[in-house]
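Undergrad: One structure coming up, written as C-alpha cells, with questions to follow.
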Amino acid sequence: MPLLFPNFRIHQVFGANTDVGKTLLTTALVRATASKYATSLKGKEKSVFYLKPVSTGPDEESDVSYVQRHTQPYAHLIDTHNLYQYREPMSPHLAAKLAPDLPFPKTNDELVRGIENYATKCVKQLNGRQGAMFVETAGGVHSPALHPPHTQSTFLRSLRLPSILIASPHLGGISTTLSSYESLIMRGYSISAVLCLYDSYYRNDDFLEGYFRDRGIGYWTVKPPPQKYGTVEEDAVRLAKWYDEVEQLGTQQEGGGVREVSDWLDTQHTDRIKELDSMPGRTLKSVWWPFTQHGLINKKEDVMVVDSAFGDNFDSYYTKSAPTTKSESQPIPKEEGSLLNSYFDGSASWFTQSHGHANEELSIAAATAAGRYGHVLFPSGTHEPALKLAEKLKATVGKGWAERVFYSDNGSTGIEVALKMALRAAGRRYGYDGEMGGDYGVIGLRGGYHGDTIGSMDASEASTYNKAVDWYKGRGHWFSPPMVQYVEGRPTVLTTGPDEWAPLPETISDGKSTNDGWSLGFSDVQSIYSVESRLNTPLADYYRSHIRANLEKAVKEGKKFGALIMEPTCLGAGGMIFVDPLFQTCLVEVVRASSDLFGGKSWKGKKYKEDLQEVRGGWREKRKWRGVPVIYDEVFSGLHRFGYLSASSILRETPDISVYAKILTGGLLPLSATLASTSIFNTFLSDRKVDALLHGHSYTANPIGCSVALKAIEILERQNWEVEKNMWGVELDDESKRWSFWNEGFISSLSGREGVKGVMAMGTVLAVELEAGEGGYSSHVALDFLTTLRQRIISSPDGRFAPFQIHSRPLGNVVYIMTSSFTKPEVVRAMEKTILEEVGRI
C-alpha cells in the first residue's frame with residue numbers, strides 16, 4: 001500500500017551502519033518538527049509520530065524509550081510506537097528466535113502491513129491537520145529482516161518511503177555511507193537527506209557534503225552530542241541543551257541545521273506532490289502514446305502516473321475529476337487518503353512482466369553488467385553474458401534442434417530476423433524467381449500478431465493493427481484456428497470464421513454445429529492438450545485434410561510460400577485466442593510434407609502422402625527443415641508464461657526457427673533472441689559477404705540485457721509451482737499436463753455466467769471473452785468492464801496482502817489478466833472472487 005498523503009509526510013530513516021547516531025538524530029528531527037508545529041499550528045494534539053518497526057534490547061534501553069525521554073518538551077505533540085520488541089540486543093532475526101514467548105510476524109509482509117496500519121491510524125488521528133512521521137529502521141541498510149534471506153532494505157521496498165540516510169562519521173565511514181547510498185538507490189529508494197555527526201579527527205563530512213550536494217541531495221553535518229559522564233539526570237540535562245542547539249544553529253554555523261532539515265523535508269514532500277499533479281497535463285502536451293486514440297484519451301484524469309512499481313503492482317496517481325456540481329452541503333473529508341493507489345499489473349506491462357517489478361536479483365545483474373561493460377560492439381566478437389545466454393537457450397528452449405542464436409532488440413525485430421532467415425532458405429531451395437525481393441509470403445493464423453515493424457506486420461492478416469499502415473501488404477494465407485475455451489463449464493474446441501469448415505466425420509458423434517462451423521466438448525482440459533494421444537484420431541485426419549485442401553487452393557491461385565509462422569498454443573495480442581494444439585501440430589505436419597506444393601515444377605522429391613508418412617513417423621532430422629521453415633513466435637508465450645518452457649513440449653514438433661523476448665529478461669530490459677537450426681544457418685554460409693544474414697542492431701547482444709536474461713532464466717529454473725500444480729492435480733515432474741495460477745473451478749463457473757461467451761486459462765494467463773454485439777478489437781465491452789473493475793479495492797481480511805486494484809488493457813471484447821510467475825495464491829483467489837462479483841453485474 002503506497003503511503004503518500006497531502007498533509008502527512010512520512011520519512012524512513014536508514015543508518016549506514018550501527019552506532020552512527022541514527023536514533024540520536026531521528027530524535028532531533030522529531031523534536032525540530034514538533035517545535036515547528038507547536039509554533040505554527042498552536043495545537044495540542046498529536047502531530048508528529050515516531051515508529052520503530054522492530055526493536056531489540058531491554059525496554060528501558062529501547063529506541064522508543066529514548067525518544068520519549070528526550071522529547072519531553074513536546075510530549076503533547078508526539079506519539080511513539082513500536083511494533084515488535086525483543087529483549088536481546090542483537091540482529092532482529094536472532095533476537096526474535098531467543099524470545100519465542102513474544103509476538104512474531106509470520107512473514108516480512110506482515111511487518112509491512114503493521115507499518116501501513118499505523119500510518120493509516122495516524123492519518124485518522126490527524127483528522128485533516130498537518131503532520132509528520134519518522135520510521136526508524138534497525139541497524140544498517142542491510143540488517144537482516146525477521147525472515148531471512150531478505151534484508152530490511154528489500155522487504156521495506158514495497159512502501160518506497162522517502163528516506164533519510166544517517167552517514168557514518170567513523171574510520172571507513174565514507175565507504176560505508178556510499179555503499180549504503182548505492183544499495184538504496186539501486187533498489188529504487190529516493191534519498192531526501194543525508195545527516196552525519198561531526199568528527200573532528202576523521203572529518204568524513206569534507207568528502208560526503210560535496211558528494212551528496214552534487215547529486216541534489218540535502219546534506220547536513222551535525223555537531224556531536226556531549227560525552228556521557230556523571231549521573232543519568234546530569235547527562236539528560238546536557239543532552240537536552242544539545243538538542244536545543246542543533247535545532248537552532250544554522251548551516252553556516254558548525255554542526256547545526258536540524259530545523260532546516262525539517263523544513264527541507266516539508267519542501268521535498270510538497271514538491272513531490274506538485275510534480276505528480278503536473279505530470280498528466282505535461283504528458284498530454286508532449287507524449288504520443290502507442291495504441292492510443294488521443295482524441296478519446298485527452299483529459300488529465302485519464303492519465304495514470306506510475307510513481308513506482310514493485311512485485312506485481314505499480315503505485316500510481318490519478319488526477320481526481322472535478323466535481324460536476326458544487327454544493328454547500330458537500331461534507332469536507334475529515335481525513336485524506338493516500339494520493340497513490342496500488343494497481344495489480346494485470347496486463348503484465350504488455351506481456352513483459354514475469355518476475356515482479358524491481359526484482360532485486362535482476363537489478364543487481366543489470367548493475368553488475370553495466371559497471372563491467374556498458375554496451376560493446378558484438379560482430380566478430382563475444383562477451384561472457386551473450387555467450388552464456390546463447391548456450392543456455394540452446395540447452396533449454398532450443399534443446400535438440402537449435403544450433404545458433406541471433407540477438408536483436410525486441411520481439412518485432414526478432415521476428416524480422418526469423419522471416420529473413422526462413423524466406424531466404426526457402427527461396428534458395430526452391431529457386432523462387434526474384435530471390436532478391438520476390439513476392440512470396442507466409443502461412444499463418446488469423447488473429448496472429450507478430451509485431452509492428454513493416455515486415456512483421458506483413459506476416460499477419462489485415463487487422464486493426466496494420467490495415468491503416470500505408471505500406472502494409474499482407475503476404476500470405478491465414479487459417480482460421482479452432483480455439484479452446486471453457487463454455488458453460490465444459491472444456492470445448494470450437495472453430496472460428498471466416499474459414500469454411502466441412503461437417504465433422506460421423507465417427508465424431510458429439511460435435512455440434514455453430515455459426516462458425518462446429519464445437520466439440522471434452523471431459524477435461526487435459527484431454528485437449530494430450531496431443532500425442534490425439535494424433536491418430538478422426539479429428540486429426542480431418543484437420544490434415546482441411547489444411548492440405550486450403551494450401552492446394554492457395555497455390556493454384558498463384559501464391560508462393562516461404563515460411564509457416566505461428567504463435568504456438570495462444571494468439572496473444574490478436575485476442576488471447578487459445579488454439580487447439582492438435583490443429584497446430586497437424587498444420588506443422590502438413591506444411592513439412594508439402595514440398596510438392598511449395599517446390600512447384602522444380603520439385604523432384606516425394607509426393608505429399610509419402611512425405612506425410614515420414615513426418616508423422618518421426619523420420620525427420622530435427623536440424624533439417626522440410627516443406628518450408630517453421631517459425632514459432634514464442635515472444636509472448638515462451639519461458640513459462642503458459643506453464644511450459646517451450647511449446648514444443650505440447651505440440652510434439654520442434655520448430656526450425658523460434659523467437660523469444662518479453663519474459664526473456666524478466667520484464668526489465670528489451671532483448672530478443674532468434675534461434676535457428678543448422679540447416680537454416682547453413683543457408684547463409686559461404687565465402688561471399690553478400691550471402692550472409694545482413695541484419696543487425698546497434699545494441700545487438702547488449703551485455704546488460706544478456707546478463708539479466710541469464711539471471712531471469714536461473715530464477716525460473718528454481719521454481720516448481722507446487723501449489724498451482726497441486727490445485728490442478730498435476731504431479732510436480734509431469735510436464736505433459738497443463739495447469740494454471742487460476743483455479744479451474746473459477747474458470748468453469750465464470751464460463752457459465754450470463755454475458756460470458758467463453759473462458760480459458762493456462763499458466764499465468766486468464767482470458768474472458770464477453771458477449772458483444774460488435775466483436776473484435778473495435779468492441780468497447782471489455783474496456784467498460786475493466787474500467788468498472790478498476791474501481792474495486794481488493795483487500796485481505798487477515799492482512800496477508802496490501803489492498804490493491806486491478807489495472808489491465810482490453811483486447812476488444814476480451815478481458816485478460818496475467819499474473820507474474822510468482823504471484824501469491826491468496827492474491828489470485830481474491831481477484832477471482834472480485835471478477836465473479838463484477839461479471840454478475842454485467
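So you can find residues: chains in the C-alpha cells are A, B, ... in the order shown, residues in each start at 1, and ligands are numbered from 1 in order.
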Please provide as number ranges by chain all residues within 10 Å of A:Thr137, with the sequence filter that same-chain residues fewer than 5 positions apart are discarded (counting only C-alpha atoms).

TA: A: 12-15, 22-23, 51-55, 143, 152-153, 156

Undergrad: Just checking: using only C-alpha atoms, which residue out of A:Asp633, A:Ser736, A:Gly617, A:Gly840 ends up closest to A:Ile528?

TA: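 That would be A:Ser736, the residue with the smallest distance to A:Ile528.
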
Undergrad: Which residues, written as a list in words, have at least one atom at most 7 Å from stretch 663-672 of chain A, with only C-alpha atoms counted and residues fewer than 3 positions away on the same chain left out?

TA: Thr352, Gln353, Ser354, His355, Tyr407, Ser408, Asp409, Asn410, Gly411, Gly414, Leu639, Tyr660, Gly705, Val708, Ala709 and Ala712 of chain A

Undergrad: Quick check, in Å to one decimal: how far apart do atom CA of A:Gly128 and atom CA of A:Leu4 lie?

TA: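 These two atoms are separated by 13.8 Å.
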
Undergrad: As an exercise, work out the distance from atom CA of A:Arg800 to atom CA of A:Lys97 in Å and give it to one decimal place.

TA: 22.1 Å

Undergrad: Write out as a PDB file with C-alpha atoms, in the first residue's frame each polymer residue whose atoms come within 12 Å of stretch 181-183 of chain A, counting only C-alpha atoms; drop sequence neighbours fewer than 2 positions from it.

TA:
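Output below, filename selection17.pdb:
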ATOM      1  CA  PHE A  14      18.273   4.311   7.481  1.00  0.00           C
ATOM      2  CA  GLY A  15      21.670   4.118   9.119  1.00  0.00           C
ATOM      3  CA  ALA A  16      24.832   3.468   7.130  1.00  0.00           C
ATOM      4  CA  ASN A  17      25.786   1.158   9.984  1.00  0.00           C
ATOM      5  CA  GLY A 140      22.339  -0.754   8.905  1.00  0.00           C
ATOM      6  CA  VAL A 141      20.759  -0.706   5.457  1.00  0.00           C
ATOM      7  CA  HIS A 142      21.274  -4.438   5.049  1.00  0.00           C
ATOM      8  CA  THR A 151      17.366  -7.640   4.421  1.00  0.00           C
ATOM      9  CA  GLN A 152      15.269  -4.740   5.655  1.00  0.00           C
ATOM     10  CA  SER A 153      16.055  -2.637   2.584  1.00  0.00           C
ATOM     11  CA  THR A 154      14.422  -5.345   0.478  1.00  0.00           C
ATOM     12  CA  ARG A 157      10.920  -1.550  -0.550  1.00  0.00           C
ATOM     13  CA  SER A 163      14.445   8.072   3.035  1.00  0.00           C
ATOM     14  CA  ILE A 164      16.927   9.847   5.261  1.00  0.00           C
ATOM     15  CA  LEU A 165      20.390   8.302   5.440  1.00  0.00           C
ATOM     16  CA  ILE A 166      22.468   8.752   8.591  1.00  0.00           C
ATOM     17  CA  ALA A 167      26.090   8.673   7.445  1.00  0.00           C
ATOM     18  CA  SER A 168      28.919   7.105   9.373  1.00  0.00           C
ATOM     19  CA  GLY A 173      32.595   5.689   7.226  1.00  0.00           C
ATOM     20  CA  ILE A 174      32.845   7.268   3.783  1.00  0.00           C
ATOM     21  CA  SER A 175      32.944   3.868   2.111  1.00  0.00           C
ATOM     22  CA  THR A 176      30.191   2.515   4.365  1.00  0.00           C
ATOM     23  CA  THR A 177      27.964   5.507   3.658  1.00  0.00           C
ATOM     24  CA  LEU A 178      28.429   5.434  -0.112  1.00  0.00           C
ATOM     25  CA  SER A 179      27.810   1.685  -0.198  1.00  0.00           C
ATOM     26  CA  ILE A 185      19.079   3.854  -4.903  1.00  0.00           C
ATOM     27  CA  MET A 186      19.726   0.574  -6.750  1.00  0.00           C
ATOM     28  CA  ARG A 187      16.605  -0.771  -5.024  1.00  0.00           C
ATOM     29  CA  GLY A 188      14.528   2.213  -6.047  1.00  0.00           C
ATOM     30  CA  TYR A 189      14.561   4.381  -2.937  1.00  0.00           C
ATOM     31  CA  SER A 190      14.615   8.168  -3.085  1.00  0.00           C
ATOM     32  CA  ILE A 191      17.061   9.775  -0.662  1.00  0.00           C
ATOM     33  CA  SER A 192      15.682  13.043   0.703  1.00  0.00           C
ATOM     34  CA  ALA A 193      18.534  13.980   3.030  1.00  0.00           C
ATOM     35  CA  VAL A 194      21.828  12.789   4.493  1.00  0.00           C
ATOM     36  CA  LEU A 208      30.408  13.494   1.901  1.00  0.00           C
ATOM     37  CA  TYR A 211      29.387  14.161  -2.940  1.00  0.00           C
ATOM     38  CA  PHE A 212      25.740  14.384  -1.962  1.00  0.00           C
ATOM     39  CA  ARG A 215      23.659  14.791  -6.607  1.00  0.00           C
ATOM     40  CA  ILE A 217      20.601  15.591  -2.076  1.00  0.00           C
ATOM     41  CA  GLU A 360      16.327  -7.309  -6.709  1.00  0.00           C
ATOM     42  CA  SER A 363      18.515  -5.212 -10.754  1.00  0.00           C
ATOM     43  CA  ILE A 364      21.846  -6.398  -9.370  1.00  0.00           C
ATOM     44  CA  ALA A 367      24.065  -3.096 -12.419  1.00  0.00           C
TER      45      ALA A 367
END

Undergrad: Check stretch 542-586 of chain A with DSSP on the backbone and list each residue it calls strand (DSSP E or B), as a short mmCIF file (atom, residue, chain, number, x, y, z; two decimals) with C-alpha atoms, in the first residue's frame.

TA:
data_model
loop_
_atom_site.label_atom_id
_atom_site.label_comp_id
_atom_site.auth_asym_id
_atom_site.auth_seq_id
_atom_site.Cartn_x
_atom_site.Cartn_y
_atom_site.Cartn_z
CA PHE A 561 5.18 -19.58 -49.55
CA GLY A 562 8.49 -19.34 -47.77
CA ALA A 563 7.58 -19.97 -44.12
CA LEU A 564 5.00 -21.11 -41.62
CA ILE A 565 4.82 -18.64 -38.73
CA MET A 566 2.57 -19.00 -35.72
CA CYS A 570 -2.15 -18.94 -27.85
CA LEU A 571 -2.55 -15.95 -30.15
CA ILE A 577 -7.11 -17.00 -28.55
CA PHE A 578 -6.05 -20.38 -27.17
CA VAL A 579 -5.62 -22.57 -30.24
#

Undergrad: Between A:Leu789, A:Ile704, A:Leu25, A:Ala647, which one has atoms that come closest to A:Ala369, using only C-alpha atoms?

TA: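 Nearest candidate to A:Ala369 out of A:Leu789, A:Ile704, A:Leu25, A:Ala647: A:Ile704.
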
Undergrad: Neighbours of stretch 497-500 of chain A within 10 Å (only C-alpha atoms; same-chain residues fewer than 3 positions away dropped), as a ChimeraX atom specification?

TA: /A:446,478-482,503,515-517,546,550

Undergrad: Would you give me, as a PyMOL selection string, the residues in stretch 354-507 of chain A that DSSP reads as helix (DSSP H, G or I)?

TA: chain A and resi 360-372+384-395+411-430+454-458

Undergrad: Given the choices A:Ser748, A:Gln293, A:Thr33, A:Ser342, which gets closest to A:Leu265 if the distance is worked out from only C-alpha atoms?

TA: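 That would be A:Thr33, the residue with the smallest distance to A:Leu265.
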
Undergrad: Would you list the contacts of stretch 91-93 of chain A as a VMD selection string, taking every protein, DNA or RNA residue within 8 Å and counting only C-alpha atoms, but skipping same-chain residues closer than 6 positions in sequence?

TA: chain A and resid 54 to 56 138 to 139 143 to 148

Undergrad: Name the closest residue to A:Asn813 among the candidates A:Glu837, A:Glu826, A:Glu621, A:Glu769; distances are taken between atoms, counting only C-alpha atoms.

TA: A:Glu769

Undergrad: Residues at most 10 Å from A:Thr396, counting only C-alpha atoms, excluding those fewer than 2 positions away in the same chain, as a PDB file with N, CA and C atoms, in the first residue's frame?

TA:
ATOM      1  N   GLU A 391      24.319 -20.303 -25.035  1.00  0.00           N
ATOM      2  CA  GLU A 391      24.454 -21.709 -24.627  1.00  0.00           C
ATOM      3  C   GLU A 391      23.272 -22.157 -23.778  1.00  0.00           C
ATOM      4  N   LYS A 392      22.791 -21.279 -22.913  1.00  0.00           N
ATOM      5  CA  LYS A 392      21.641 -21.609 -22.072  1.00  0.00           C
ATOM      6  C   LYS A 392      20.376 -21.793 -22.909  1.00  0.00           C
ATOM      7  N   LEU A 393      20.156 -20.930 -23.878  1.00  0.00           N
ATOM      8  CA  LEU A 393      18.975 -21.039 -24.733  1.00  0.00           C
ATOM      9  C   LEU A 393      19.020 -22.309 -25.581  1.00  0.00           C
ATOM     10  N   LYS A 394      20.182 -22.655 -26.086  1.00  0.00           N
ATOM     11  CA  LYS A 394      20.310 -23.891 -26.854  1.00  0.00           C
ATOM     12  C   LYS A 394      20.017 -25.121 -25.997  1.00  0.00           C
ATOM     13  N   GLY A 398      15.872 -24.456 -26.984  1.00  0.00           N
ATOM     14  CA  GLY A 398      16.356 -24.964 -28.273  1.00  0.00           C
ATOM     15  C   GLY A 398      16.923 -26.368 -28.207  1.00  0.00           C
ATOM     16  N   LYS A 399      16.679 -27.063 -27.103  1.00  0.00           N
ATOM     17  CA  LYS A 399      17.296 -28.374 -26.903  1.00  0.00           C
ATOM     18  C   LYS A 399      16.918 -29.362 -28.006  1.00  0.00           C
ATOM     19  N   GLY A 400      17.939 -29.942 -28.627  1.00  0.00           N
ATOM     20  CA  GLY A 400      17.729 -30.986 -29.618  1.00  0.00           C
ATOM     21  C   GLY A 400      17.559 -30.507 -31.039  1.00  0.00           C
ATOM     22  N   ALA A 402      18.134 -26.530 -32.013  1.00  0.00           N
ATOM     23  CA  ALA A 402      18.715 -25.222 -32.328  1.00  0.00           C
ATOM     24  C   ALA A 402      20.233 -25.282 -32.341  1.00  0.00           C
ATOM     25  N   LEU A 639       9.043 -19.540 -22.205  1.00  0.00           N
ATOM     26  CA  LEU A 639       9.718 -19.371 -20.926  1.00  0.00           C
ATOM     27  C   LEU A 639       8.741 -19.285 -19.757  1.00  0.00           C
ATOM     28  N   LEU A 645       8.155 -24.514 -20.753  1.00  0.00           N
ATOM     29  CA  LEU A 645       9.359 -23.831 -21.215  1.00  0.00           C
ATOM     30  C   LEU A 645       9.226 -23.424 -22.675  1.00  0.00           C
ATOM     31  N   SER A 646       8.851 -24.382 -23.507  1.00  0.00           N
ATOM     32  CA  SER A 646       8.633 -24.140 -24.933  1.00  0.00           C
ATOM     33  C   SER A 646       7.432 -24.947 -25.389  1.00  0.00           C
ATOM     34  N   ILE A 713      16.323 -16.506 -16.289  1.00  0.00           N
ATOM     35  CA  ILE A 713      16.136 -17.937 -16.539  1.00  0.00           C
ATOM     36  C   ILE A 713      16.534 -18.747 -15.320  1.00  0.00           C
TER      37      ILE A 713
END

Undergrad: Quick one: of A:Ser749, A:Asn726, A:Thr654, A:Ser347, who's nearest to A:Leu786, counting only C-alpha atoms?

TA: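 Ranking A:Ser749, A:Asn726, A:Thr654, A:Ser347 by distance to A:Leu786, first place goes to A:Ser347.
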